[in-house]
$ cat entry38.cif   # mmCIF, N, CA and C atoms and all ligand atoms
data_run
#
loop_
_atom_site.label_atom_id
_atom_site.label_comp_id
_atom_site.auth_asym_id
_atom_site.auth_seq_id
_atom_site.Cartn_x
_atom_site.Cartn_y
_atom_site.Cartn_z
N MET A 1 -16.02 -12.00 3.73
CA MET A 1 -16.50 -11.91 2.34
C MET A 1 -17.01 -10.50 2.05
N LYS A 2 -16.62 -9.95 0.92
CA LYS A 2 -17.08 -8.60 0.56
C LYS A 2 -18.54 -8.62 0.12
N THR A 3 -19.21 -7.51 0.26
CA THR A 3 -20.57 -7.36 -0.25
C THR A 3 -20.53 -6.36 -1.40
N LEU A 4 -21.00 -6.82 -2.57
CA LEU A 4 -20.95 -5.97 -3.76
C LEU A 4 -22.34 -5.76 -4.35
N MET A 5 -22.67 -4.51 -4.59
CA MET A 5 -23.87 -4.18 -5.36
C MET A 5 -23.54 -4.48 -6.82
N ILE A 6 -24.45 -5.13 -7.55
CA ILE A 6 -24.14 -5.48 -8.93
C ILE A 6 -25.35 -5.24 -9.84
N SER A 7 -25.11 -4.64 -10.99
CA SER A 7 -26.17 -4.43 -11.98
C SER A 7 -26.81 -5.78 -12.27
N ALA A 8 -28.11 -5.89 -12.03
CA ALA A 8 -28.79 -7.19 -12.12
C ALA A 8 -28.68 -7.81 -13.51
N CYS A 9 -28.64 -6.97 -14.55
CA CYS A 9 -28.58 -7.51 -15.92
C CYS A 9 -27.29 -8.31 -16.15
N LEU A 10 -26.22 -7.99 -15.40
CA LEU A 10 -24.95 -8.73 -15.54
C LEU A 10 -25.06 -10.15 -15.00
N LEU A 11 -26.09 -10.39 -14.17
CA LEU A 11 -26.29 -11.72 -13.60
C LEU A 11 -27.40 -12.48 -14.33
N GLY A 12 -27.88 -11.91 -15.43
CA GLY A 12 -28.89 -12.62 -16.23
C GLY A 12 -30.32 -12.21 -15.97
N VAL A 13 -30.52 -11.18 -15.16
CA VAL A 13 -31.88 -10.69 -14.92
C VAL A 13 -32.32 -9.85 -16.13
N SER A 14 -33.51 -10.10 -16.63
CA SER A 14 -34.00 -9.41 -17.84
C SER A 14 -34.59 -8.05 -17.48
N CYS A 15 -33.73 -7.13 -17.08
CA CYS A 15 -34.21 -5.83 -16.61
C CYS A 15 -33.78 -4.69 -17.52
N ARG A 16 -33.15 -5.01 -18.66
CA ARG A 16 -32.71 -3.94 -19.55
C ARG A 16 -33.88 -3.24 -20.23
N TYR A 17 -33.62 -2.07 -20.76
CA TYR A 17 -34.68 -1.29 -21.40
C TYR A 17 -35.41 -2.09 -22.47
N ASP A 18 -34.68 -3.00 -23.14
CA ASP A 18 -35.30 -3.78 -24.22
C ASP A 18 -35.84 -5.12 -23.72
N GLY A 19 -35.86 -5.30 -22.41
CA GLY A 19 -36.39 -6.53 -21.83
C GLY A 19 -35.41 -7.69 -21.84
N ALA A 20 -34.17 -7.41 -22.22
CA ALA A 20 -33.15 -8.46 -22.28
C ALA A 20 -32.26 -8.40 -21.04
N ALA A 21 -31.37 -9.41 -20.94
CA ALA A 21 -30.35 -9.42 -19.89
C ALA A 21 -28.99 -9.29 -20.58
N LYS A 22 -27.94 -9.20 -19.81
CA LYS A 22 -26.59 -9.11 -20.38
C LYS A 22 -25.66 -9.92 -19.48
N PRO A 23 -25.90 -11.24 -19.35
CA PRO A 23 -25.10 -12.03 -18.41
C PRO A 23 -23.62 -12.10 -18.80
N VAL A 24 -22.77 -11.96 -17.80
CA VAL A 24 -21.32 -12.02 -17.99
C VAL A 24 -20.78 -13.11 -17.06
N ASP A 25 -20.15 -14.13 -17.64
CA ASP A 25 -19.66 -15.27 -16.85
C ASP A 25 -18.81 -14.83 -15.67
N GLU A 26 -17.91 -13.88 -15.91
CA GLU A 26 -17.00 -13.41 -14.86
C GLU A 26 -17.80 -12.84 -13.67
N CYS A 27 -18.90 -12.19 -13.98
CA CYS A 27 -19.73 -11.61 -12.91
C CYS A 27 -20.44 -12.72 -12.14
N MET A 28 -20.90 -13.73 -12.86
CA MET A 28 -21.55 -14.86 -12.19
C MET A 28 -20.56 -15.50 -11.20
N ARG A 29 -19.30 -15.60 -11.62
CA ARG A 29 -18.30 -16.25 -10.77
C ARG A 29 -17.95 -15.42 -9.53
N LEU A 30 -18.26 -14.13 -9.58
CA LEU A 30 -18.00 -13.28 -8.40
C LEU A 30 -18.75 -13.79 -7.17
N ALA A 31 -19.84 -14.52 -7.44
CA ALA A 31 -20.65 -15.05 -6.32
C ALA A 31 -19.86 -16.04 -5.47
N GLU A 32 -18.75 -16.57 -6.03
CA GLU A 32 -17.93 -17.52 -5.26
C GLU A 32 -17.06 -16.80 -4.24
N GLU A 33 -16.86 -15.50 -4.45
CA GLU A 33 -15.93 -14.79 -3.55
C GLU A 33 -16.55 -13.57 -2.86
N ALA A 34 -17.80 -13.25 -3.22
CA ALA A 34 -18.43 -12.08 -2.60
C ALA A 34 -19.93 -12.31 -2.46
N PHE A 35 -20.52 -11.56 -1.52
CA PHE A 35 -21.97 -11.59 -1.39
C PHE A 35 -22.52 -10.55 -2.36
N LEU A 36 -23.28 -11.01 -3.36
CA LEU A 36 -23.75 -10.11 -4.43
C LEU A 36 -25.17 -9.63 -4.16
N VAL A 37 -25.38 -8.33 -4.33
CA VAL A 37 -26.72 -7.75 -4.17
C VAL A 37 -27.13 -7.17 -5.53
N PRO A 38 -27.94 -7.93 -6.31
CA PRO A 38 -28.34 -7.43 -7.62
C PRO A 38 -29.37 -6.31 -7.50
N PHE A 39 -29.24 -5.34 -8.36
CA PHE A 39 -30.19 -4.22 -8.35
C PHE A 39 -30.26 -3.61 -9.74
N CYS A 40 -31.36 -2.94 -10.04
CA CYS A 40 -31.49 -2.21 -11.30
C CYS A 40 -32.02 -0.82 -10.96
N PRO A 41 -31.18 0.20 -11.06
CA PRO A 41 -31.61 1.54 -10.64
C PRO A 41 -32.79 2.07 -11.45
N GLU A 42 -32.89 1.67 -12.71
CA GLU A 42 -34.01 2.21 -13.51
C GLU A 42 -35.32 1.61 -13.05
N GLN A 43 -35.30 0.33 -12.67
CA GLN A 43 -36.51 -0.26 -12.10
C GLN A 43 -36.79 0.36 -10.72
N LEU A 44 -35.74 0.55 -9.93
CA LEU A 44 -35.92 1.15 -8.60
C LEU A 44 -36.48 2.57 -8.70
N GLY A 45 -36.23 3.21 -9.82
CA GLY A 45 -36.75 4.57 -10.04
C GLY A 45 -38.20 4.57 -10.50
N GLY A 46 -38.75 3.38 -10.71
CA GLY A 46 -40.17 3.28 -11.08
C GLY A 46 -40.43 3.09 -12.56
N LEU A 47 -39.37 2.92 -13.34
CA LEU A 47 -39.57 2.74 -14.79
C LEU A 47 -39.94 1.29 -15.10
N PRO A 48 -40.77 1.07 -16.13
CA PRO A 48 -41.19 -0.28 -16.48
C PRO A 48 -40.12 -1.02 -17.29
N THR A 49 -40.30 -2.31 -17.44
CA THR A 49 -39.43 -3.13 -18.29
C THR A 49 -40.32 -3.97 -19.21
N PRO A 50 -40.15 -3.89 -20.51
CA PRO A 50 -39.22 -3.00 -21.20
C PRO A 50 -39.65 -1.53 -21.09
N ARG A 51 -38.74 -0.65 -21.47
CA ARG A 51 -38.99 0.80 -21.41
C ARG A 51 -38.27 1.47 -22.57
N PRO A 52 -38.71 2.63 -22.98
CA PRO A 52 -38.01 3.31 -24.07
C PRO A 52 -36.56 3.64 -23.68
N ALA A 53 -35.66 3.54 -24.64
CA ALA A 53 -34.26 3.89 -24.38
C ALA A 53 -34.15 5.36 -24.02
N ALA A 54 -33.18 5.67 -23.17
CA ALA A 54 -32.98 7.05 -22.75
C ALA A 54 -31.50 7.37 -22.73
N GLY A 55 -31.18 8.64 -22.76
CA GLY A 55 -29.78 9.06 -22.72
C GLY A 55 -29.64 10.39 -21.99
N ILE A 56 -28.41 10.64 -21.52
CA ILE A 56 -28.13 11.89 -20.80
C ILE A 56 -27.83 12.98 -21.82
N ARG A 57 -28.42 14.14 -21.61
CA ARG A 57 -28.12 15.31 -22.46
C ARG A 57 -27.58 16.43 -21.59
N GLY A 58 -26.51 17.06 -22.07
CA GLY A 58 -25.99 18.24 -21.38
C GLY A 58 -24.89 17.93 -20.39
N GLY A 59 -24.37 16.70 -20.40
CA GLY A 59 -23.28 16.37 -19.48
C GLY A 59 -23.26 14.89 -19.17
N ASP A 60 -22.84 14.54 -17.95
CA ASP A 60 -22.81 13.13 -17.55
C ASP A 60 -23.64 12.94 -16.27
N GLY A 61 -23.51 11.76 -15.66
CA GLY A 61 -24.32 11.46 -14.49
C GLY A 61 -24.11 12.46 -13.36
N ALA A 62 -22.88 12.90 -13.17
CA ALA A 62 -22.61 13.88 -12.11
C ALA A 62 -23.31 15.20 -12.41
N ASP A 63 -23.35 15.56 -13.68
CA ASP A 63 -24.04 16.80 -14.06
C ASP A 63 -25.55 16.68 -13.84
N VAL A 64 -26.08 15.46 -14.08
CA VAL A 64 -27.51 15.25 -13.82
C VAL A 64 -27.79 15.45 -12.34
N LEU A 65 -26.95 14.87 -11.49
CA LEU A 65 -27.16 15.00 -10.04
C LEU A 65 -27.05 16.45 -9.57
N ALA A 66 -26.23 17.22 -10.29
CA ALA A 66 -26.04 18.63 -9.92
C ALA A 66 -27.08 19.54 -10.55
N GLY A 67 -27.98 18.94 -11.36
CA GLY A 67 -29.04 19.74 -11.99
C GLY A 67 -28.60 20.48 -13.24
N ARG A 68 -27.39 20.13 -13.74
CA ARG A 68 -26.88 20.81 -14.94
C ARG A 68 -27.21 20.07 -16.23
N ALA A 69 -27.73 18.85 -16.12
CA ALA A 69 -28.03 18.01 -17.28
C ALA A 69 -29.26 17.19 -16.94
N GLY A 70 -29.79 16.49 -17.94
CA GLY A 70 -30.99 15.69 -17.70
C GLY A 70 -30.94 14.39 -18.47
N VAL A 71 -31.92 13.51 -18.21
CA VAL A 71 -32.03 12.24 -18.93
C VAL A 71 -33.35 12.27 -19.70
N PHE A 72 -33.24 11.95 -20.99
CA PHE A 72 -34.41 12.09 -21.86
C PHE A 72 -34.60 10.83 -22.70
N ARG A 73 -35.87 10.48 -22.93
CA ARG A 73 -36.16 9.35 -23.81
C ARG A 73 -35.71 9.70 -25.21
N ILE A 74 -35.10 8.70 -25.87
CA ILE A 74 -34.58 8.93 -27.22
C ILE A 74 -35.74 9.15 -28.20
N GLU A 75 -36.80 8.36 -28.06
CA GLU A 75 -37.84 8.36 -29.10
C GLU A 75 -38.69 9.63 -29.12
N ASP A 76 -38.96 10.21 -27.98
CA ASP A 76 -39.84 11.39 -27.98
C ASP A 76 -39.34 12.55 -27.13
N GLY A 77 -38.15 12.40 -26.57
CA GLY A 77 -37.55 13.50 -25.82
C GLY A 77 -38.16 13.74 -24.44
N ALA A 78 -39.03 12.82 -23.99
CA ALA A 78 -39.65 13.02 -22.67
C ALA A 78 -38.58 13.02 -21.57
N ASP A 79 -38.77 13.87 -20.58
CA ASP A 79 -37.80 14.04 -19.50
C ASP A 79 -38.01 12.95 -18.42
N VAL A 80 -37.05 12.08 -18.26
CA VAL A 80 -37.15 11.00 -17.26
C VAL A 80 -36.09 11.17 -16.16
N THR A 81 -35.61 12.38 -16.03
CA THR A 81 -34.53 12.66 -15.07
C THR A 81 -34.91 12.25 -13.65
N ARG A 82 -36.13 12.58 -13.24
CA ARG A 82 -36.53 12.29 -11.86
C ARG A 82 -36.46 10.81 -11.54
N ALA A 83 -36.91 9.98 -12.50
CA ALA A 83 -36.88 8.53 -12.28
C ALA A 83 -35.44 8.04 -12.16
N PHE A 84 -34.54 8.56 -12.95
CA PHE A 84 -33.14 8.13 -12.91
C PHE A 84 -32.48 8.54 -11.59
N VAL A 85 -32.77 9.76 -11.14
CA VAL A 85 -32.18 10.23 -9.89
C VAL A 85 -32.76 9.44 -8.71
N ARG A 86 -34.06 9.21 -8.74
CA ARG A 86 -34.70 8.45 -7.67
C ARG A 86 -34.13 7.03 -7.60
N GLY A 87 -33.96 6.41 -8.77
CA GLY A 87 -33.41 5.06 -8.80
C GLY A 87 -32.00 5.00 -8.25
N ALA A 88 -31.21 6.00 -8.57
CA ALA A 88 -29.84 6.06 -8.04
C ALA A 88 -29.87 6.21 -6.52
N GLU A 89 -30.75 7.07 -6.03
CA GLU A 89 -30.83 7.28 -4.58
C GLU A 89 -31.28 6.00 -3.86
N GLU A 90 -32.24 5.30 -4.46
CA GLU A 90 -32.72 4.05 -3.87
C GLU A 90 -31.59 3.01 -3.84
N ALA A 91 -30.84 2.93 -4.93
CA ALA A 91 -29.73 1.97 -4.99
C ALA A 91 -28.71 2.27 -3.89
N LEU A 92 -28.42 3.54 -3.70
CA LEU A 92 -27.44 3.90 -2.67
C LEU A 92 -27.99 3.65 -1.27
N ARG A 93 -29.31 3.77 -1.12
CA ARG A 93 -29.92 3.46 0.17
C ARG A 93 -29.73 1.97 0.48
N ILE A 94 -29.93 1.13 -0.54
CA ILE A 94 -29.74 -0.32 -0.36
C ILE A 94 -28.27 -0.60 -0.02
N ALA A 95 -27.37 0.05 -0.75
CA ALA A 95 -25.93 -0.17 -0.52
C ALA A 95 -25.56 0.14 0.92
N GLU A 96 -26.12 1.23 1.42
CA GLU A 96 -25.83 1.62 2.80
C GLU A 96 -26.42 0.60 3.78
N THR A 97 -27.64 0.14 3.48
CA THR A 97 -28.32 -0.81 4.36
C THR A 97 -27.56 -2.13 4.48
N VAL A 98 -27.05 -2.61 3.33
CA VAL A 98 -26.36 -3.91 3.35
C VAL A 98 -24.87 -3.76 3.68
N GLY A 99 -24.40 -2.54 3.81
CA GLY A 99 -22.98 -2.32 4.10
C GLY A 99 -22.09 -2.72 2.95
N ALA A 100 -22.48 -2.32 1.75
CA ALA A 100 -21.73 -2.70 0.55
C ALA A 100 -20.30 -2.16 0.57
N ASP A 101 -19.40 -2.94 -0.03
CA ASP A 101 -18.00 -2.52 -0.16
C ASP A 101 -17.74 -1.85 -1.50
N GLY A 102 -18.61 -2.08 -2.48
CA GLY A 102 -18.38 -1.49 -3.78
C GLY A 102 -19.49 -1.85 -4.76
N PHE A 103 -19.33 -1.36 -5.98
CA PHE A 103 -20.32 -1.57 -7.03
C PHE A 103 -19.67 -2.25 -8.24
N VAL A 104 -20.40 -3.19 -8.83
CA VAL A 104 -20.00 -3.80 -10.11
C VAL A 104 -21.09 -3.40 -11.09
N LEU A 105 -20.72 -2.63 -12.10
CA LEU A 105 -21.74 -1.98 -12.93
C LEU A 105 -21.60 -2.30 -14.41
N LYS A 106 -22.75 -2.27 -15.09
CA LYS A 106 -22.81 -2.53 -16.52
C LYS A 106 -22.45 -1.27 -17.29
N GLY A 107 -21.47 -1.37 -18.16
CA GLY A 107 -21.03 -0.22 -18.94
C GLY A 107 -22.04 0.21 -20.00
N GLY A 108 -21.92 1.45 -20.42
CA GLY A 108 -22.72 1.96 -21.53
C GLY A 108 -24.12 2.42 -21.16
N SER A 109 -24.46 2.32 -19.89
CA SER A 109 -25.82 2.67 -19.45
C SER A 109 -25.88 4.08 -18.87
N PRO A 110 -26.96 4.82 -19.15
CA PRO A 110 -27.10 6.16 -18.56
C PRO A 110 -27.32 6.10 -17.05
N SER A 111 -27.54 4.90 -16.51
CA SER A 111 -27.61 4.72 -15.05
C SER A 111 -26.31 4.14 -14.52
N CYS A 112 -25.91 2.99 -15.08
CA CYS A 112 -24.82 2.21 -14.50
C CYS A 112 -23.44 2.44 -15.12
N GLY A 113 -23.39 3.09 -16.28
CA GLY A 113 -22.11 3.24 -16.97
C GLY A 113 -21.07 3.97 -16.13
N TRP A 114 -19.80 3.51 -16.27
CA TRP A 114 -18.73 4.14 -15.50
C TRP A 114 -17.50 4.40 -16.37
N GLY A 115 -17.58 4.07 -17.66
CA GLY A 115 -16.45 4.30 -18.54
C GLY A 115 -16.76 5.44 -19.49
N ARG A 116 -16.95 5.11 -20.74
CA ARG A 116 -17.25 6.12 -21.77
C ARG A 116 -18.53 6.89 -21.41
N VAL A 117 -19.56 6.13 -21.01
CA VAL A 117 -20.80 6.75 -20.53
C VAL A 117 -20.76 6.77 -19.01
N ARG A 118 -20.90 7.94 -18.41
CA ARG A 118 -20.92 8.08 -16.94
C ARG A 118 -22.37 8.22 -16.49
N GLY A 119 -22.91 7.15 -15.94
CA GLY A 119 -24.31 7.14 -15.58
C GLY A 119 -24.62 7.82 -14.25
N VAL A 120 -25.91 8.00 -14.01
CA VAL A 120 -26.37 8.73 -12.82
C VAL A 120 -26.10 7.93 -11.54
N CYS A 121 -26.42 6.65 -11.55
CA CYS A 121 -26.19 5.83 -10.36
C CYS A 121 -24.70 5.66 -10.09
N ALA A 122 -23.94 5.45 -11.15
CA ALA A 122 -22.49 5.32 -10.98
C ALA A 122 -21.90 6.60 -10.38
N ALA A 123 -22.38 7.73 -10.85
CA ALA A 123 -21.87 9.01 -10.34
C ALA A 123 -22.20 9.17 -8.86
N LEU A 124 -23.40 8.76 -8.47
CA LEU A 124 -23.78 8.90 -7.06
C LEU A 124 -22.96 7.94 -6.19
N ALA A 125 -22.74 6.72 -6.69
CA ALA A 125 -21.93 5.75 -5.94
C ALA A 125 -20.50 6.28 -5.77
N ALA A 126 -19.96 6.87 -6.82
CA ALA A 126 -18.60 7.43 -6.75
C ALA A 126 -18.55 8.60 -5.77
N ALA A 127 -19.57 9.43 -5.82
CA ALA A 127 -19.61 10.60 -4.92
C ALA A 127 -19.68 10.16 -3.46
N ARG A 128 -20.26 8.98 -3.21
CA ARG A 128 -20.36 8.49 -1.83
C ARG A 128 -19.13 7.67 -1.44
N GLY A 129 -18.16 7.59 -2.36
CA GLY A 129 -16.89 6.96 -2.01
C GLY A 129 -16.78 5.48 -2.27
N TYR A 130 -17.73 4.90 -2.99
CA TYR A 130 -17.67 3.47 -3.27
C TYR A 130 -16.70 3.17 -4.41
N GLU A 131 -16.05 2.02 -4.32
CA GLU A 131 -15.23 1.53 -5.43
C GLU A 131 -16.15 1.03 -6.52
N ILE A 132 -15.78 1.26 -7.76
CA ILE A 132 -16.63 0.84 -8.89
C ILE A 132 -15.81 0.04 -9.88
N ARG A 133 -16.39 -1.08 -10.32
CA ARG A 133 -15.80 -1.90 -11.38
C ARG A 133 -16.85 -1.96 -12.49
N GLU A 134 -16.43 -1.82 -13.72
CA GLU A 134 -17.39 -1.82 -14.82
C GLU A 134 -17.16 -2.99 -15.75
N TYR A 135 -18.25 -3.61 -16.20
CA TYR A 135 -18.18 -4.65 -17.23
C TYR A 135 -18.98 -4.18 -18.42
N ALA A 136 -18.44 -4.36 -19.61
CA ALA A 136 -19.12 -3.88 -20.81
C ALA A 136 -20.30 -4.78 -21.15
S1 LIG A 201 -30.14 0.26 -15.30
FE1 LIG A 201 -28.26 -0.85 -14.86
S2 LIG A 201 -28.96 -2.79 -13.94
FE2 LIG A 201 -30.72 -1.86 -14.96
S3 LIG A 201 -30.70 -2.81 -16.98
FE3 LIG A 201 -29.60 -0.87 -17.15
S4 LIG A 201 -27.44 -1.41 -16.87
FE4 LIG A 201 -28.66 -3.15 -16.12
#
$ encode --input "entry38.cif" --output "structure tokens"
Amino acid sequence: MKTLMISACLLGVSCRYDGAAKPVDECMRLAEEAFLVPFCPEQLGGLPTPRPAAGIRGGDGADVLAGRAGVFRIEDGADVTRAFVRGAEEALRIAETVGADGFVLKGGSPSCGWGRVRGVCAALAAARGYEIREYA
């Protein structure tokens, strides 16, 4: 059985910035074929729930990791880059510990996004060679 790291909000955990979850039936069913390890990089980075929305400025998640871009709160522009990078590093530490085969990530997030929005955690997972699947 494969071991997959999965954005906790996709499994119904209320860890989103607005205190909500984003459960996806298809993700719930993954539990029948894989060992799922739910995680939320923003919580792992020390941010509270709920928390102010944030976005990447100056590039994408890979640029944030390279120090060329940052993550800032939308409402007041506060710099939360360190929390996002720390959360991504913690998530990857867990992935390594459990011997994960890949990541299943929530799209549109400055942490987990892997499509239109390329998040910080997704970028770090990709850089470490993990397979990534995204659900909107
Ligand atoms: S950081 Fe990832 S796991 Fe956490 S709420 Fe956002 S999309 Fe879901």
$ residues_around --input "entry38.cif" --residues "segment 16-23 of chain A" --least-positions-apart "4" --cutoff "10 Å" --atoms "only C-alpha atoms" --output "list in words"
Ser7, Ala8, Cys9, Leu10, Leu11, Gly12, Cys27, Met28, Cys40, Glu42, Gln43, Leu47, Pro48, Thr49, Pro50, Arg51, Pro52, Ala53, Ala54, Lys106, Ser109 and Ala136 of chain A
$ closest_residue --input "entry38.cif" --among "A:Gly77, A:Gly108, A:Gly102, A:Gly113" --to "Lys2 of chain A" --atoms "all atoms listed in the file"
A:Gly102
$ residues_around --input "entry38.cif" --residues "segment 78-89 of chain A" --least-positions-apart "4" --cutoff "8 Å" --atoms "all atoms listed in the file" --output "list in words"
Cys40, Pro41, Glu42, Gln43, Leu44, Gly45, Gly46, Leu47, Ala54, Val64, Leu65, Ala69, Gly70, Val71, Phe72, Arg73, Ile74, Arg93, Ile94, Ala95, Pro110, Ser111, Val120, Cys121, Ala122, Leu124 and Ala125 of chain A
$ write_last_selection --input "entry38.cif" --atoms "N, CA and C atoms" --output "compact mmCIF listing (two decimals), keeping the file's coordinate frame"
# COMPACT_ATOMS: atom_id res chain seq x y z
N CYS A 40 -31.36 -2.94 -10.04
CA CYS A 40 -31.49 -2.21 -11.30
C CYS A 40 -32.02 -0.82 -10.96
N PRO A 41 -31.18 0.20 -11.06
CA PRO A 41 -31.61 1.54 -10.64
C PRO A 41 -32.79 2.07 -11.45
N GLU A 42 -32.89 1.67 -12.71
CA GLU A 42 -34.01 2.21 -13.51
C GLU A 42 -35.32 1.61 -13.05
N GLN A 43 -35.30 0.33 -12.67
CA GLN A 43 -36.51 -0.26 -12.10
C GLN A 43 -36.79 0.36 -10.72
N LEU A 44 -35.74 0.55 -9.93
CA LEU A 44 -35.92 1.15 -8.60
C LEU A 44 -36.48 2.57 -8.70
N GLY A 45 -36.23 3.21 -9.82
CA GLY A 45 -36.75 4.57 -10.04
C GLY A 45 -38.20 4.57 -10.50
N GLY A 46 -38.75 3.38 -10.71
CA GLY A 46 -40.17 3.28 -11.08
C GLY A 46 -40.43 3.09 -12.56
N LEU A 47 -39.37 2.92 -13.34
CA LEU A 47 -39.57 2.74 -14.79
C LEU A 47 -39.94 1.29 -15.10
N ALA A 54 -33.18 5.67 -23.17
CA ALA A 54 -32.98 7.05 -22.75
C ALA A 54 -31.50 7.37 -22.73
N VAL A 64 -26.08 15.46 -14.08
CA VAL A 64 -27.51 15.25 -13.82
C VAL A 64 -27.79 15.45 -12.34
N LEU A 65 -26.95 14.87 -11.49
CA LEU A 65 -27.16 15.00 -10.04
C LEU A 65 -27.05 16.45 -9.57
N ALA A 69 -27.73 18.85 -16.12
CA ALA A 69 -28.03 18.01 -17.28
C ALA A 69 -29.26 17.19 -16.94
N GLY A 70 -29.79 16.49 -17.94
CA GLY A 70 -30.99 15.69 -17.70
C GLY A 70 -30.94 14.39 -18.47
N VAL A 71 -31.92 13.51 -18.21
CA VAL A 71 -32.03 12.24 -18.93
C VAL A 71 -33.35 12.27 -19.70
N PHE A 72 -33.24 11.95 -20.99
CA PHE A 72 -34.41 12.09 -21.86
C PHE A 72 -34.60 10.83 -22.70
N ARG A 73 -35.87 10.48 -22.93
CA ARG A 73 -36.16 9.35 -23.81
C ARG A 73 -35.71 9.70 -25.21
N ILE A 74 -35.10 8.70 -25.87
CA ILE A 74 -34.58 8.93 -27.22
C ILE A 74 -35.74 9.15 -28.20
N ARG A 93 -29.31 3.77 -1.12
CA ARG A 93 -29.92 3.46 0.17
C ARG A 93 -29.73 1.97 0.48
N ILE A 94 -29.93 1.13 -0.54
CA ILE A 94 -29.74 -0.32 -0.36
C ILE A 94 -28.27 -0.60 -0.02
N ALA A 95 -27.37 0.05 -0.75
CA ALA A 95 -25.93 -0.17 -0.52
C ALA A 95 -25.56 0.14 0.92
N PRO A 110 -26.96 4.82 -19.15
CA PRO A 110 -27.10 6.16 -18.56
C PRO A 110 -27.32 6.10 -17.05
N SER A 111 -27.54 4.90 -16.51
CA SER A 111 -27.61 4.72 -15.05
C SER A 111 -26.31 4.14 -14.52
N VAL A 120 -25.91 8.00 -14.01
CA VAL A 120 -26.37 8.73 -12.82
C VAL A 120 -26.10 7.93 -11.54
N CYS A 121 -26.42 6.65 -11.55
CA CYS A 121 -26.19 5.83 -10.36
C CYS A 121 -24.70 5.66 -10.09
N ALA A 122 -23.94 5.45 -11.15
CA ALA A 122 -22.49 5.32 -10.98
C ALA A 122 -21.90 6.60 -10.38
N LEU A 124 -23.40 8.76 -8.47
CA LEU A 124 -23.78 8.90 -7.06
C LEU A 124 -22.96 7.94 -6.19
N ALA A 125 -22.74 6.72 -6.69
CA ALA A 125 -21.93 5.75 -5.94
C ALA A 125 -20.50 6.28 -5.77
$ atom_distance --input "entry38.cif" --atom1 "atom CA of Asp101 of chain A" --atom2 "atom C of Arg133 of chain A"
12.4 Å
$ residues_around --input "entry38.cif" --residues "Tyr135 of chain A" --least-positions-apart "5" --cutoff "6 Å" --atoms "only N, CA and C atoms" --output "PyMOL selection string"
chain A and resi 104-107
$ write_last_selection --input "entry38.cif" --atoms "N, CA and C atoms" --output "PDB file, in the coordinates of the input"
ATOM      1  N   VAL A 104     -20.400  -3.190  -8.830  1.00  0.00           N
ATOM      2  CA  VAL A 104     -20.000  -3.800 -10.110  1.00  0.00           C
ATOM      3  C   VAL A 104     -21.090  -3.400 -11.090  1.00  0.00           C
ATOM      4  N   LEU A 105     -20.720  -2.630 -12.100  1.00  0.00           N
ATOM      5  CA  LEU A 105     -21.740  -1.980 -12.930  1.00  0.00           C
ATOM      6  C   LEU A 105     -21.600  -2.300 -14.410  1.00  0.00           C
ATOM      7  N   LYS A 106     -22.750  -2.270 -15.090  1.00  0.00           N
ATOM      8  CA  LYS A 106     -22.810  -2.530 -16.520  1.00  0.00           C
ATOM      9  C   LYS A 106     -22.450  -1.270 -17.290  1.00  0.00           C
ATOM     10  N   GLY A 107     -21.470  -1.370 -18.160  1.00  0.00           N
ATOM     11  CA  GLY A 107     -21.030  -0.220 -18.940  1.00  0.00           C
ATOM     12  C   GLY A 107     -22.040   0.210 -20.000  1.00  0.00           C
TER      13      GLY A 107
END
$ closest_residue --input "entry38.cif" --among "A:Leu92, A:Ala34, A:Arg57, A:Glu134" --to "Cys112 of chain A" --atoms "only N, CA and C atoms"
A:Glu134
$ axis_aligned_box --input "entry38.cif" --around "ligand LIG 201 (chain A)" --padding-each-side "8 Å" --output "AutoDock Vina command-line options"
--center_x -29.1 --center_y -1.4 --center_z -15.5 --size_x 19.3 --size_y 19.4 --size_z 19.2
